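Participant: Sending over model.pdb (PDB, C-alpha atoms and all ligand atoms).
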```pdb
ATOM      1  CA  MET A   1       0.000   0.000   0.000  1.00  0.00           C
ATOM      2  CA  ALA A   2       1.256   3.484  -0.880  1.00  0.00           C
ATOM      3  CA  GLY A   3       2.370   5.594   2.067  1.00  0.00           C
ATOM      4  CA  THR A   4       0.819   8.823   3.313  1.00  0.00           C
ATOM      5  CA  LYS A   5       3.938  10.983   3.614  1.00  0.00           C
ATOM      6  CA  THR A   6       6.424  12.659   1.345  1.00  0.00           C
ATOM      7  CA  PHE A   7       9.250  15.136   1.760  1.00  0.00           C
ATOM      8  CA  THR A   8       9.818  18.352  -0.182  1.00  0.00           C
ATOM      9  CA  MET A   9      12.224  21.258  -0.430  1.00  0.00           C
ATOM     10  CA  ILE A  10      11.435  24.574  -2.091  1.00  0.00           C
ATOM     11  CA  LYS A  11      14.835  25.123  -3.720  1.00  0.00           C
ATOM     12  CA  PRO A  12      17.004  28.284  -3.671  1.00  0.00           C
ATOM     13  CA  ASP A  13      15.829  29.680  -7.027  1.00  0.00           C
ATOM     14  CA  ALA A  14      12.153  29.556  -5.986  1.00  0.00           C
ATOM     15  CA  VAL A  15      12.865  31.063  -2.549  1.00  0.00           C
ATOM     16  CA  GLU A  16      14.973  33.827  -4.151  1.00  0.00           C
ATOM     17  CA  GLY A  17      12.211  34.430  -6.709  1.00  0.00           C
ATOM     18  CA  GLY A  18       9.629  35.048  -3.970  1.00  0.00           C
ATOM     19  CA  HIS A  19       7.547  31.965  -4.774  1.00  0.00           C
ATOM     20  CA  ILE A  20       7.309  30.306  -1.322  1.00  0.00           C
ATOM     21  CA  GLY A  21       3.740  31.500  -0.725  1.00  0.00           C
ATOM     22  CA  ALA A  22       2.425  30.564  -4.174  1.00  0.00           C
ATOM     23  CA  ILE A  23       4.051  27.128  -4.031  1.00  0.00           C
ATOM     24  CA  LEU A  24       2.684  26.378  -0.536  1.00  0.00           C
ATOM     25  CA  ALA A  25      -0.789  27.454  -1.721  1.00  0.00           C
ATOM     26  CA  LYS A  26      -0.622  24.977  -4.616  1.00  0.00           C
ATOM     27  CA  ILE A  27       0.545  22.246  -2.233  1.00  0.00           C
ATOM     28  CA  ASN A  28      -2.392  22.912   0.120  1.00  0.00           C
ATOM     29  CA  GLU A  29      -4.909  23.202  -2.745  1.00  0.00           C
ATOM     30  CA  ALA A  30      -3.758  19.778  -3.978  1.00  0.00           C
ATOM     31  CA  GLY A  31      -4.800  18.290  -0.637  1.00  0.00           C
ATOM     32  CA  PHE A  32      -1.478  17.988   1.182  1.00  0.00           C
ATOM     33  CA  ARG A  33      -1.264  18.801   4.880  1.00  0.00           C
ATOM     34  CA  ILE A  34       2.015  20.298   6.129  1.00  0.00           C
ATOM     35  CA  GLU A  35       3.265  18.162   9.017  1.00  0.00           C
ATOM     36  CA  ALA A  36       6.630  19.865   9.605  1.00  0.00           C
ATOM     37  CA  MET A  37       8.346  22.818   7.937  1.00  0.00           C
ATOM     38  CA  GLN A  38      11.639  24.655   8.262  1.00  0.00           C
ATOM     39  CA  MET A  39      13.450  27.404   6.338  1.00  0.00           C
ATOM     40  CA  THR A  40      17.197  26.868   6.434  1.00  0.00           C
ATOM     41  CA  GLN A  41      20.374  26.977   4.338  1.00  0.00           C
ATOM     42  CA  LEU A  42      22.226  23.751   3.555  1.00  0.00           C
ATOM     43  CA  SER A  43      25.957  23.500   4.219  1.00  0.00           C
ATOM     44  CA  ARG A  44      28.109  21.753   1.607  1.00  0.00           C
ATOM     45  CA  LYS A  45      28.245  18.719   3.908  1.00  0.00           C
ATOM     46  CA  ASP A  46      24.428  18.697   4.222  1.00  0.00           C
ATOM     47  CA  ALA A  47      23.882  18.906   0.457  1.00  0.00           C
ATOM     48  CA  GLU A  48      26.484  16.216  -0.286  1.00  0.00           C
ATOM     49  CA  ALA A  49      24.843  13.902   2.259  1.00  0.00           C
ATOM     50  CA  PHE A  50      21.286  14.617   1.101  1.00  0.00           C
ATOM     51  CA  TYR A  51      22.193  13.943  -2.561  1.00  0.00           C
ATOM     52  CA  ALA A  52      24.740  11.152  -1.868  1.00  0.00           C
ATOM     53  CA  ILE A  53      22.765   8.856  -4.198  1.00  0.00           C
ATOM     54  CA  HIS A  54      23.778  11.158  -7.100  1.00  0.00           C
ATOM     55  CA  LYS A  55      27.464  11.512  -6.220  1.00  0.00           C
ATOM     56  CA  GLU A  56      28.722   9.697  -9.342  1.00  0.00           C
ATOM     57  CA  ARG A  57      26.454  11.705 -11.681  1.00  0.00           C
ATOM     58  CA  PRO A  58      28.081  14.421 -13.850  1.00  0.00           C
ATOM     59  CA  PHE A  59      25.830  17.144 -12.399  1.00  0.00           C
ATOM     60  CA  PHE A  60      26.639  16.392  -8.729  1.00  0.00           C
ATOM     61  CA  GLY A  61      29.105  19.274  -8.205  1.00  0.00           C
ATOM     62  CA  GLU A  62      26.764  21.788  -9.813  1.00  0.00           C
ATOM     63  CA  LEU A  63      23.820  20.422  -7.822  1.00  0.00           C
ATOM     64  CA  VAL A  64      25.643  20.818  -4.481  1.00  0.00           C
ATOM     65  CA  GLU A  65      26.812  24.317  -5.479  1.00  0.00           C
ATOM     66  CA  TYR A  66      23.271  25.320  -6.384  1.00  0.00           C
ATOM     67  CA  MET A  67      21.535  23.763  -3.368  1.00  0.00           C
ATOM     68  CA  THR A  68      23.878  25.614  -0.983  1.00  0.00           C
ATOM     69  CA  SER A  69      23.538  28.962  -2.814  1.00  0.00           C
ATOM     70  CA  GLY A  70      20.650  30.281  -0.691  1.00  0.00           C
ATOM     71  CA  PRO A  71      17.913  29.325   1.762  1.00  0.00           C
ATOM     72  CA  ILE A  72      15.494  26.465   1.133  1.00  0.00           C
ATOM     73  CA  VAL A  73      12.184  25.474   2.739  1.00  0.00           C
ATOM     74  CA  ALA A  74      12.044  21.818   3.823  1.00  0.00           C
ATOM     75  CA  ALA A  75       8.741  20.152   4.716  1.00  0.00           C
ATOM     76  CA  ILE A  76       7.087  16.824   5.459  1.00  0.00           C
ATOM     77  CA  LEU A  77       3.733  16.549   3.690  1.00  0.00           C
ATOM     78  CA  GLU A  78       0.844  14.213   4.412  1.00  0.00           C
ATOM     79  CA  LYS A  79      -1.824  12.908   1.997  1.00  0.00           C
ATOM     80  CA  ASP A  80      -3.032   9.543   0.683  1.00  0.00           C
ATOM     81  CA  ASN A  81      -0.665   8.281  -2.042  1.00  0.00           C
ATOM     82  CA  ALA A  82       1.649  11.170  -1.096  1.00  0.00           C
ATOM     83  CA  VAL A  83       4.826  10.299  -3.048  1.00  0.00           C
ATOM     84  CA  ALA A  84       3.192   9.689  -6.435  1.00  0.00           C
ATOM     85  CA  ASP A  85       0.633  12.487  -6.147  1.00  0.00           C
ATOM     86  CA  PHE A  86       3.339  14.978  -5.187  1.00  0.00           C
ATOM     87  CA  ARG A  87       5.572  13.943  -8.108  1.00  0.00           C
ATOM     88  CA  THR A  88       2.577  14.601 -10.386  1.00  0.00           C
ATOM     89  CA  LEU A  89       2.042  18.030  -8.788  1.00  0.00           C
ATOM     90  CA  ILE A  90       5.687  19.104  -9.248  1.00  0.00           C
ATOM     91  CA  GLY A  91       6.161  17.775 -12.823  1.00  0.00           C
ATOM     92  CA  ALA A  92       9.169  16.440 -14.700  1.00  0.00           C
ATOM     93  CA  THR A  93      12.753  17.127 -13.575  1.00  0.00           C
ATOM     94  CA  ASN A  94      13.364  19.153 -16.734  1.00  0.00           C
ATOM     95  CA  PRO A  95      10.892  22.065 -16.696  1.00  0.00           C
ATOM     96  CA  GLU A  96      10.790  22.017 -20.514  1.00  0.00           C
ATOM     97  CA  GLU A  97       9.183  18.564 -20.209  1.00  0.00           C
ATOM     98  CA  ALA A  98       6.961  19.396 -17.213  1.00  0.00           C
ATOM     99  CA  ALA A  99       3.177  19.351 -17.745  1.00  0.00           C
ATOM    100  CA  GLU A 100       1.196  22.602 -17.817  1.00  0.00           C
ATOM    101  CA  GLY A 101       0.170  23.801 -14.351  1.00  0.00           C
ATOM    102  CA  THR A 102       2.856  21.833 -12.497  1.00  0.00           C
ATOM    103  CA  ILE A 103       5.059  23.649  -9.987  1.00  0.00           C
ATOM    104  CA  ARG A 104       8.193  23.113 -12.086  1.00  0.00           C
ATOM    105  CA  LYS A 105       6.453  24.294 -15.264  1.00  0.00           C
ATOM    106  CA  LEU A 106       5.370  27.451 -13.439  1.00  0.00           C
ATOM    107  CA  TYR A 107       8.484  28.256 -11.403  1.00  0.00           C
ATOM    108  CA  ALA A 108      11.589  26.273 -12.470  1.00  0.00           C
ATOM    109  CA  LYS A 109      14.366  28.121 -14.268  1.00  0.00           C
ATOM    110  CA  SER A 110      16.350  25.123 -15.583  1.00  0.00           C
ATOM    111  CA  ILE A 111      16.890  21.388 -15.111  1.00  0.00           C
ATOM    112  CA  ALA A 112      19.238  22.168 -12.191  1.00  0.00           C
ATOM    113  CA  ALA A 113      17.372  25.137 -10.682  1.00  0.00           C
ATOM    114  CA  ASN A 114      14.029  23.365 -10.889  1.00  0.00           C
ATOM    115  CA  ALA A 115      12.201  25.044  -7.977  1.00  0.00           C
ATOM    116  CA  ILE A 116      11.240  22.042  -5.866  1.00  0.00           C
ATOM    117  CA  HIS A 117      12.223  18.568  -4.657  1.00  0.00           C
ATOM    118  CA  GLY A 118       9.870  15.626  -4.144  1.00  0.00           C
ATOM    119  CA  SER A 119      10.819  12.216  -2.734  1.00  0.00           C
ATOM    120  CA  ASP A 120      10.782   9.347  -5.235  1.00  0.00           C
ATOM    121  CA  SER A 121       9.682   6.518  -2.884  1.00  0.00           C
ATOM    122  CA  ASP A 122       8.116   5.929   0.523  1.00  0.00           C
ATOM    123  CA  GLU A 123      11.490   4.744   1.815  1.00  0.00           C
ATOM    124  CA  ASN A 124      13.291   7.881   0.629  1.00  0.00           C
ATOM    125  CA  ALA A 125      10.480  10.098   1.963  1.00  0.00           C
ATOM    126  CA  GLN A 126      11.192   8.718   5.425  1.00  0.00           C
ATOM    127  CA  ILE A 127      14.981   9.014   5.094  1.00  0.00           C
ATOM    128  CA  GLU A 128      14.767  12.566   3.729  1.00  0.00           C
ATOM    129  CA  GLY A 129      12.214  13.714   6.315  1.00  0.00           C
ATOM    130  CA  ASN A 130      14.389  12.353   9.098  1.00  0.00           C
ATOM    131  CA  PHE A 131      17.412  14.150   7.608  1.00  0.00           C
ATOM    132  CA  PHE A 132      15.771  17.479   8.547  1.00  0.00           C
ATOM    133  CA  PHE A 133      13.282  16.709  11.287  1.00  0.00           C
ATOM    134  CA  ALA A 134      14.536  13.779  13.380  1.00  0.00           C
ATOM    135  CA  THR A 135      16.278  15.943  15.986  1.00  0.00           C
ATOM    136  CA  ARG A 136      13.100  16.151  18.108  1.00  0.00           C
ATOM    137  CA  GLU A 137      10.642  13.398  18.808  1.00  0.00           C
ATOM    138  CA  ARG A 138       7.143  14.004  17.385  1.00  0.00           C
ATOM    139  CA  TYR A 139       4.199  12.797  19.457  1.00  0.00           C
TER
HETATM  140  N1  LIG A 201      19.687  17.613 -11.872  1.00  0.00           N
HETATM  141  C1  LIG A 201      20.539  18.351 -12.671  1.00  0.00           C
HETATM  142  N2  LIG A 201      20.830  17.875 -13.923  1.00  0.00           N
HETATM  143  C2  LIG A 201      20.308  16.715 -14.419  1.00  0.00           C
HETATM  144  C3  LIG A 201      19.447  15.964 -13.598  1.00  0.00           C
HETATM  145  C4  LIG A 201      19.162  16.439 -12.332  1.00  0.00           C
HETATM  146  O1  LIG A 201      21.029  19.394 -12.254  1.00  0.00           O
HETATM  147  O2  LIG A 201      20.613  16.337 -15.558  1.00  0.00           O
HETATM  148  C5  LIG A 201      19.376  18.103 -10.507  1.00  0.00           C
HETATM  149  C6  LIG A 201      17.950  18.668 -10.406  1.00  0.00           C
HETATM  150  O3  LIG A 201      17.989  19.752  -9.480  1.00  0.00           O
HETATM  151  C7  LIG A 201      17.195  17.487  -9.856  1.00  0.00           C
HETATM  152  C8  LIG A 201      18.213  16.866  -8.897  1.00  0.00           C
HETATM  153  O4  LIG A 201      19.451  17.017  -9.586  1.00  0.00           O
HETATM  154  O5  LIG A 201      15.986  17.888  -9.211  1.00  0.00           O
HETATM  155  C9  LIG A 201      17.986  15.414  -8.559  1.00  0.00           C
HETATM  156  O6  LIG A 201      17.865  14.663  -9.771  1.00  0.00           O
HETATM  157  P1  LIG A 201      16.730  13.560  -9.927  1.00  0.00           P
HETATM  158  O7  LIG A 201      17.069  12.771 -11.156  1.00  0.00           O
HETATM  159  O8  LIG A 201      16.557  12.823  -8.645  1.00  0.00           O
HETATM  160  O9  LIG A 201      15.426  14.430 -10.274  1.00  0.00           O
HETATM  161  P2  LIG A 201      14.109  14.707  -9.405  1.00  0.00           P
HETATM  162  O10 LIG A 201      13.825  13.468  -8.613  1.00  0.00           O
HETATM  163  O11 LIG A 201      14.402  15.910  -8.536  1.00  0.00           O
HETATM  164  O12 LIG A 201      13.042  15.009 -10.417  1.00  0.00           O
HETATM  165 MG    MG A 202      15.027  12.418  -7.307  1.00  0.00          MG
END
```
Could you quickly redo this structure as structure tokens?
Ligand code: UDP
Ligand code: MG
Facilitator:
Amino acid sequence: MAGTKTFTMIKPDAVEGGHIGAILAKINEAGFRIEAMQMTQLSRKDAEAFYAIHKERPFFGELVEYMTSGPIVAAILEKDNAVADFRTLIGATNPEEAAEGTIRKLYAKSIAANAIHGSDSDENAQIEGNFFFATRERY
């Protein structure tokens, strides 16, 4: 059965562009509840750890550089079928291929600076949520 949680980050280009409010409104309108949220800036060590799965990819250096370039908003989101429904809401990695009305189609600048992250599996949603929010116990 599909899980009920996913993890997101509003990335530096979308924060810098003033799109936090509009993006959160779309997330709420799509039926997601915000369970935890934090605005912060990733250190190089944070970004390298978060994206460790991509460390052999040619874009890894650029990705770490970009993700540490300014503040981000990290959040845990809750909804039925959260991972798949959120990936639909954000659209394809490359904004040129993203469907009309998706967050990346509306706000992404490029394949690297693509406005928003969404977990790709229930397992990664849990790992990524814990990366930001496991310091305090939630009751
Ligand atoms: N990325 C990039 N160049 C690429 C592919 C990905 O800069 O050719 C960046 C982009 O910011 C993307 C992130 O690396 O969101 C993670 O890539 P992934 O393939 O996991 O895409 P996503 O799951 O974010 O759609
Ligand atoms: Mg991914």
Participant: Please produce, as JSON lines, a per-residue contact table for chain A versus ligand LIG 201 (chain A) (criterion: any atom at most 7 Å away, only C-alpha atoms and all ligand atoms considered), showing the nearest atom pair and its distance in Å to one decimal, sorted by chain then residue number.
Facilitator:
```
{"residue": "A:Phe59", "atom": "CA", "partner": "A:LIG201", "partner_atom": "N2", "distance": 5.3}
{"residue": "A:Glu62", "atom": "CA", "partner": "A:LIG201", "partner_atom": "O1", "distance": 6.7}
{"residue": "A:Leu63", "atom": "CA", "partner": "A:LIG201", "partner_atom": "O1", "distance": 5.3}
{"residue": "A:Ala92", "atom": "CA", "partner": "A:LIG201", "partner_atom": "O12", "distance": 5.9}
{"residue": "A:Thr93", "atom": "CA", "partner": "A:LIG201", "partner_atom": "O12", "distance": 3.8}
{"residue": "A:Ile111", "atom": "CA", "partner": "A:LIG201", "partner_atom": "C1", "distance": 5.3}
{"residue": "A:Ala112", "atom": "CA", "partner": "A:LIG201", "partner_atom": "O1", "distance": 3.3}
{"residue": "A:Ala113", "atom": "CA", "partner": "A:LIG201", "partner_atom": "O3", "distance": 5.6}
{"residue": "A:Asn114", "atom": "CA", "partner": "A:LIG201", "partner_atom": "O3", "distance": 5.5}
{"residue": "A:His117", "atom": "CA", "partner": "A:LIG201", "partner_atom": "O11", "distance": 5.2}
{"residue": "A:Gly118", "atom": "CA", "partner": "A:LIG201", "partner_atom": "O11", "distance": 6.3}
{"residue": "A:Ser119", "atom": "CA", "partner": "A:LIG201", "partner_atom": "O10", "distance": 6.7}
{"residue": "A:Asp120", "atom": "CA", "partner": "A:LIG201", "partner_atom": "O10", "distance": 6.1}
```
Participant: Taking the file as I've supplied it (selection: the PyMOL selection byres (((chain A and resi 15-18) around 9) and not hetatm)), which residues are included? Please answer as a PyMOL selection string.
Facilitator: chain A and resi 10-14+19-22+70-73+107+115
Participant: With all atoms listed in the file as the basis for distance, which of A:Ser121, A:Ile103, A:Thr6, A:Ala74 is at the shortest distance from A:Thr88?
Facilitator: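 Checking each of A:Ser121, A:Ile103, A:Thr6, A:Ala74 against A:Thr88, counting all atoms listed in the file, the winner is A:Ile103.
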Participant: Enumerate, as an NGL selection string, the residues matched when the PyMOL selection byres (((chain A and resi 48) around 10) and not hetatm) is run on the file above.
Facilitator: :A and (42-47 or 49-55 or 60-61 or 63-65 or 67-68)
Participant: My list of candidates is A:Ala75, A:Thr102, A:Arg57, A:Tyr66. Which is closest to A:Thr40 when distances are computed with only C-alpha atoms?
Facilitator: A:Ala75
Participant: Using all atoms listed in the file and a cutoff of 6 Å, can you tell me which residues are near (0.3, 10.3, 2.2) in the file's coordinates, and write them out as JSON, numbers by chain?
Facilitator: {"A": [3, 4, 5, 78, 79, 80, 81, 82]}
Participant: When the PyMOL selection byres (((chain A and resi 101) around 12) and not hetatm) is applied to the structure above, which residues does it catch, written out as a ChimeraX atom specification?
Facilitator: /A:23,26,30,88-92,95,97-100,102-108
Participant: Include C-alpha atoms and write out the residues we just selected as a PDB file, keeping the file's coordinate frame.
Facilitator:
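Writing done, so here's again07.pdb:
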```
ATOM      1  CA  ILE A  23       4.051  27.128  -4.031  1.00  0.00           C
ATOM      2  CA  LYS A  26      -0.622  24.977  -4.616  1.00  0.00           C
ATOM      3  CA  ALA A  30      -3.758  19.778  -3.978  1.00  0.00           C
ATOM      4  CA  THR A  88       2.577  14.601 -10.386  1.00  0.00           C
ATOM      5  CA  LEU A  89       2.042  18.030  -8.788  1.00  0.00           C
ATOM      6  CA  ILE A  90       5.687  19.104  -9.248  1.00  0.00           C
ATOM      7  CA  GLY A  91       6.161  17.775 -12.823  1.00  0.00           C
ATOM      8  CA  ALA A  92       9.169  16.440 -14.700  1.00  0.00           C
ATOM      9  CA  PRO A  95      10.892  22.065 -16.696  1.00  0.00           C
ATOM     10  CA  GLU A  97       9.183  18.564 -20.209  1.00  0.00           C
ATOM     11  CA  ALA A  98       6.961  19.396 -17.213  1.00  0.00           C
ATOM     12  CA  ALA A  99       3.177  19.351 -17.745  1.00  0.00           C
ATOM     13  CA  GLU A 100       1.196  22.602 -17.817  1.00  0.00           C
ATOM     14  CA  THR A 102       2.856  21.833 -12.497  1.00  0.00           C
ATOM     15  CA  ILE A 103       5.059  23.649  -9.987  1.00  0.00           C
ATOM     16  CA  ARG A 104       8.193  23.113 -12.086  1.00  0.00           C
ATOM     17  CA  LYS A 105       6.453  24.294 -15.264  1.00  0.00           C
ATOM     18  CA  LEU A 106       5.370  27.451 -13.439  1.00  0.00           C
ATOM     19  CA  TYR A 107       8.484  28.256 -11.403  1.00  0.00           C
ATOM     20  CA  ALA A 108      11.589  26.273 -12.470  1.00  0.00           C
TER      21      ALA A 108
END
```
Participant: Which is closest to A:Gln126 among A:Phe32, A:Gln41, A:Ala25, A:Leu77, if we use only C-alpha atoms?
Facilitator: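 Among the listed residues, A:Leu77 lies closest to A:Gln126.
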Participant: At what distance in Å, to one decimal, does atom MG of ligand MG 202 (chain A) lie from atom CA of A:Gln38?
Facilitator: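 Taking atom CA of A:Gln38 as the start and atom MG of ligand MG 202 (chain A) as the end point, the length is 20.1 Å.
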Participant: Counting only C-alpha atoms, which of A:Asp122, A:Asp85, A:Glu29, A:Glu56 gets nearest to A:Met1?
Facilitator: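 The shortest atom-to-atom distance to A:Met1 comes from A:Asp122.
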Participant: Between atom CA of A:Arg33 and atom CA of A:Ser69, what is the distance, to one decimal in Å?
Facilitator: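 Taking atom CA of A:Arg33 as the start and atom CA of A:Ser69 as the end point, the length is 27.9 Å.
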Participant: From the set A:Met39, A:Ile34, A:Ile76, A:Met9, which residue has the shortest atom-to-atom contact distance to ligand MG 202 (chain A), counting all atoms listed in the file?
Facilitator: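 Looking only at the distances to ligand MG 202 (chain A), the closest residue turns out to be A:Met9.
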Participant: Using atom CA of A:Val83 and atom CA of A:Ala125 as the two end points, give the distance in Å to one decimal.
Facilitator: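 Separation between atom CA of A:Val83 and atom CA of A:Ala125: 7.6 Å.
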Participant: Which residue out of A:Phe7, A:Ile127, A:Ile116, A:Leu24 has the minimum interatomic distance to A:Ala36 when all atoms listed in the file are used?
Facilitator: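 So, comparing all the options, the nearest one is A:Phe7.
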Participant: Please fill the gaps in stretch 28-51 of chain A so it has N, CA and C atoms, and write that as a JSON list (two decimals), keeping the file's coordinate frame.
Facilitator:
```
[["chain", "number", "residue", "atom", "x", "y", "z"],
["A", 28, "ASN", "N", -1.18, 23.05, -0.71],
["A", 28, "ASN", "CA", -2.39, 22.91, 0.12],
["A", 28, "ASN", "C", -3.63, 22.65, -0.74],
["A", 29, "GLU", "N", -3.74, 23.38, -1.85],
["A", 29, "GLU", "CA", -4.91, 23.20, -2.74],
["A", 29, "GLU", "C", -4.96, 21.78, -3.31],
["A", 30, "ALA", "N", -3.80, 21.14, -3.46],
["A", 30, "ALA", "CA", -3.76, 19.78, -3.98],
["A", 30, "ALA", "C", -4.08, 18.74, -2.89],
["A", 31, "GLY", "N", -4.33, 19.20, -1.68],
["A", 31, "GLY", "CA", -4.80, 18.29, -0.64],
["A", 31, "GLY", "C", -3.72, 17.79, 0.32],
["A", 32, "PHE", "N", -2.54, 18.38, 0.25],
["A", 32, "PHE", "CA", -1.48, 17.99, 1.18],
["A", 32, "PHE", "C", -1.57, 18.82, 2.46],
["A", 33, "ARG", "N", -1.34, 18.14, 3.58],
["A", 33, "ARG", "CA", -1.26, 18.80, 4.88],
["A", 33, "ARG", "C", 0.22, 18.95, 5.23],
["A", 34, "ILE", "N", 0.61, 20.10, 5.75],
["A", 34, "ILE", "CA", 2.02, 20.30, 6.13],
["A", 34, "ILE", "C", 2.21, 19.79, 7.55],
["A", 35, "GLU", "N", 3.06, 18.77, 7.70],
["A", 35, "GLU", "CA", 3.26, 18.16, 9.02],
["A", 35, "GLU", "C", 4.44, 18.79, 9.75],
["A", 36, "ALA", "N", 5.46, 19.21, 9.01],
["A", 36, "ALA", "CA", 6.63, 19.86, 9.60],
["A", 36, "ALA", "C", 7.21, 20.76, 8.53],
["A", 37, "MET", "N", 7.78, 21.91, 8.94],
["A", 37, "MET", "CA", 8.35, 22.82, 7.94],
["A", 37, "MET", "C", 9.46, 23.66, 8.56],
["A", 38, "GLN", "N", 10.49, 23.90, 7.76],
["A", 38, "GLN", "CA", 11.64, 24.66, 8.26],
["A", 38, "GLN", "C", 12.34, 25.37, 7.11],
["A", 39, "MET", "N", 12.63, 26.68, 7.30],
["A", 39, "MET", "CA", 13.45, 27.40, 6.34],
["A", 39, "MET", "C", 14.87, 27.40, 6.86],
["A", 40, "THR", "N", 15.81, 27.00, 6.00],
["A", 40, "THR", "CA", 17.20, 26.87, 6.43],
["A", 40, "THR", "C", 18.12, 26.95, 5.22],
["A", 41, "GLN", "N", 19.42, 27.03, 5.46],
["A", 41, "GLN", "CA", 20.37, 26.98, 4.34],
["A", 41, "GLN", "C", 21.28, 25.77, 4.52],
["A", 42, "LEU", "N", 21.42, 24.97, 3.48],
["A", 42, "LEU", "CA", 22.23, 23.75, 3.56],
["A", 42, "LEU", "C", 23.71, 24.10, 3.51],
["A", 43, "SER", "N", 24.50, 23.44, 4.34],
["A", 43, "SER", "CA", 25.96, 23.50, 4.22],
["A", 43, "SER", "C", 26.36, 22.57, 3.07],
["A", 44, "ARG", "N", 27.61, 22.68, 2.64],
["A", 44, "ARG", "CA", 28.11, 21.75, 1.61],
["A", 44, "ARG", "C", 27.98, 20.29, 2.07],
["A", 45, "LYS", "N", 28.33, 20.08, 3.35],
["A", 45, "LYS", "CA", 28.24, 18.72, 3.91],
["A", 45, "LYS", "C", 26.80, 18.20, 3.89],
["A", 46, "ASP", "N", 25.85, 19.07, 4.25],
["A", 46, "ASP", "CA", 24.43, 18.70, 4.22],
["A", 46, "ASP", "C", 24.00, 18.29, 2.81],
["A", 47, "ALA", "N", 24.34, 19.15, 1.83],
["A", 47, "ALA", "CA", 23.88, 18.91, 0.46],
["A", 47, "ALA", "C", 24.53, 17.64, -0.10],
["A", 48, "GLU", "N", 25.81, 17.43, 0.20],
["A", 48, "GLU", "CA", 26.48, 16.22, -0.29],
["A", 48, "GLU", "C", 25.86, 14.97, 0.33],
["A", 49, "ALA", "N", 25.46, 15.06, 1.60],
["A", 49, "ALA", "CA", 24.84, 13.90, 2.26],
["A", 49, "ALA", "C", 23.43, 13.68, 1.72],
["A", 50, "PHE", "N", 22.66, 14.75, 1.57],
["A", 50, "PHE", "CA", 21.29, 14.62, 1.10],
["A", 50, "PHE", "C", 21.24, 13.99, -0.29],
["A", 51, "TYR", "N", 22.18, 14.41, -1.17],
["A", 51, "TYR", "CA", 22.19, 13.94, -2.56],
["A", 51, "TYR", "C", 23.26, 12.87, -2.80]]
```
